[in-house]
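Heads up, the thing below is written out as structure tokens.
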Amino acid sequence: MADTAVAPPAKRDRTHYLYIAVIVAVALGITIGFAAPDFAKELKPLGTGFVALIKMMISPIIFCTIVLGVGSVRKAAKIGKVGGLALGYFMVMSVAALAIGLLVGNILDPGTGMDLTDSDKEVGHAAAEGSKGTVDFLLGIIPATLVSAFTEGEVLQTLLVALLVGFALQAMGRTGEPVLRGVEHIQRLVFRVLAMIMWAAPVGAFGAIAAVIGETGVDALKALATIMLGFYVTCALFVALVLGLLTWVVAKVNIWHLFRYLGREFLLILSTSSSESALPRLIAKMEHVGVSRPVVGITVPTGYSFNLDGTMIYLTMASLFIAEAMGQPMGIGQQIGLLLFMMIASKGAAGVSGSGIAVLASGLQSHKPALVDGVGLIIGIDRFMSEARALTNFAGNAVATLLIGVWTKEVDRERVTRVLAGELPFDERTLLDDGHGGTPERSEDDDVPAQREADARDGGKEPVKA
């Protein structure tokens with residue numbers, strides 16, 4: 001037939017070479033770090049620059065995702081329900097993480113035999129002075145101007161502005177639909193730029209890991225191996241037992257299948273020590289797996305500030321370690337009081353360089369000032385502990401997004417099964433999935449679904465209009 005045309009062959013996904021290159025780069029960075037530590041320290045800007053490129057994209061991605069999610073939902077009450085459920089879940093999981101950290105920390109009894117130097121004392125006090133109070137944190141959520149949230153890179157400021165814009169578009173009804181379509185096109189552009197930036201991941205991973213090894217050295221690792229390994233084991237237990245059980249009971253999903261699906265993101269975090277480096281990809285992948293856009297848009301950005309399971313475990317074990325190392329062990333009552341304060345103080349700490357140390361120091365200064373001197377004892381391995389901290393925080397937010405999607409009935413369970421089985425692969429070229437109906441409540445005459453079908457036929461390219 002004359003109209004019959006042979007479908008063009010699908011473009012080959014070459015991004016798996018990218019992540020093989022990341023693994024090779026990490027191995028090379030570790031080798032350089034041990035073999036030439038002074039040279040390795042000079043490579044730190046490579047890792048810092050790559051993470052800065054990723055962070056550059058976070059605000060526009062969060063803005064587009066939330067505006068599209070909130071603006072396309074007809075009932076504002078649904079967004080309030082998602083947000084309230086998310087915050088309640090985050091608080092419960094923070095308490096669970098603290099409890100596990102307390103249990104393991106008291107069993108291990110770490111910190112015995114450590115020596116405290118004058119330089120260690122200076123580090124602790126400097127960290128405490130640089131930390132934010134609760135009032136400053138809350139006021140910091142409000143940006144100076146409507147657009148400054150994008151320039152300052154504050155996740156919660158972007159979240160606030162996006163929610164306001166989303167609710168305004170929701171109230172405008174059909175009048176706001178052209179704006180929504182415009183934001184959707186901007187989102188496609190932003191994710192395309194992110195996909196380009198990801199090709200710099202091997203360079204960033206090489207520089208970041210080489211600098212860490214060069215700065216830390218083997219001696220510090222040996223001296224602090226107990227607390228470091230204990231922390232890693234505790235994080236693994238929390239993820240496997242608590243998160244794994246919740247994922248299976250609530251969503252009927254094997255958590256290891258979910259983690260396999262997010263394997264590239266875990267590798268990215270491991271090589272950069274920054275959970276923010278994977279935030280944009282987590283948003284895209286959780287939408288692709290079948291969770292609705294409003295749930296993803298609210299849960300993921302909020303979780304990055306309020307759902308810090310790894311940070312909770314870190315604060316618990318680090319506090320016990322310092323108290324033991326300085327010969328001032330705390331009773332259970334003191335431990336609980338200190339850690340409840342830290343649970344509040346830690347909110348908003350994600351993605352801030354050295355935030356774990358700052359929260360730890362400020363908490364000790366408020367409740368037991370004599371222990372602030374001991375913060376410097378742990379600074380040598382804080383970067384290695386931040387690896388597990390970031391991985392655990394990321395795992396907790398991925399699980400939270402899926403669970404809240406299930407509880408609010410905003411997840412396509414059949415699609416979850418197919419995606420995790422590998423039947424519906426994620427498009428690494430665009431980092432977007434437009435076909436699972438993440439914004440089902442648009443008006444019936446909206447032409448976006450037709451546009452999406454045209455995009456799918458054209459391999460992601462915009463159709464040419466006559």
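Convention: chains lettered A, B, ... in structure tokens order; per-chain residue numbering from 1; ligands numbered from 1 as shown.
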For A:Ile100, list every protein, DNA or RNA residue within 12 Å, evaluated using only C-alpha atoms, and leave out those in the same chain fewer than 5 positions away; present the list as a list in words.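 Surrounding residues, per the criterion: Met93, Ser94, Val95, Gly105, Asn106, Ile107, Gly230, Phe231, Val233, Thr234, Cys235, Ala236, Leu237, Phe238, Val239, Leu241, Val242, Asp309, Gly310, Met312, Ile313, Tyr314, Leu315, Thr316 and Met317 of chain A.
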Mind checking which residues fall within 8 Å of stretch 57-60 of chain A, counting only C-alpha atoms, ignoring those fewer than 4 positions away in the same chain, and posting them as JSON, numbers by chain? {"A": [53, 64, 149, 150, 153, 154, 155, 158, 187, 190, 194, 279, 280]}
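Nearest to A:Ile20 of all the residues A:Pro202, A:Gly33, A:Gly80, A:Gly297 is A:Pro202, counting only C-alpha atoms.
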Please determine, counting only C-alpha atoms, which residue among A:Met228, A:Leu68, A:Leu360, A:Leu338 has the shortest atom-to-atom distance to A:Gly176.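 Ranked by minimum distance to A:Gly176, first place goes to A:Leu68.
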A:Tyr261 environment, 9 Å, only C-alpha atoms, sequence neighbours closer than 5 positions dropped, as a short mmCIF file (atom, residue, chain, number, x, y, z; two decimals) with C-alpha atoms, in the first residue's frame:
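What ended up in selection.cif:
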data_model
loop_
_atom_site.label_atom_id
_atom_site.label_comp_id
_atom_site.auth_asym_id
_atom_site.auth_seq_id
_atom_site.Cartn_x
_atom_site.Cartn_y
_atom_site.Cartn_z
CA TRP A 256 15.34 -4.65 45.75
CA LYS A 285 11.74 8.02 37.36
CA VAL A 419 8.34 -0.99 34.82
CA LEU A 420 10.13 -2.84 37.63
CA ALA A 421 10.07 -6.00 35.49
CA GLY A 422 11.86 -4.12 32.73
#
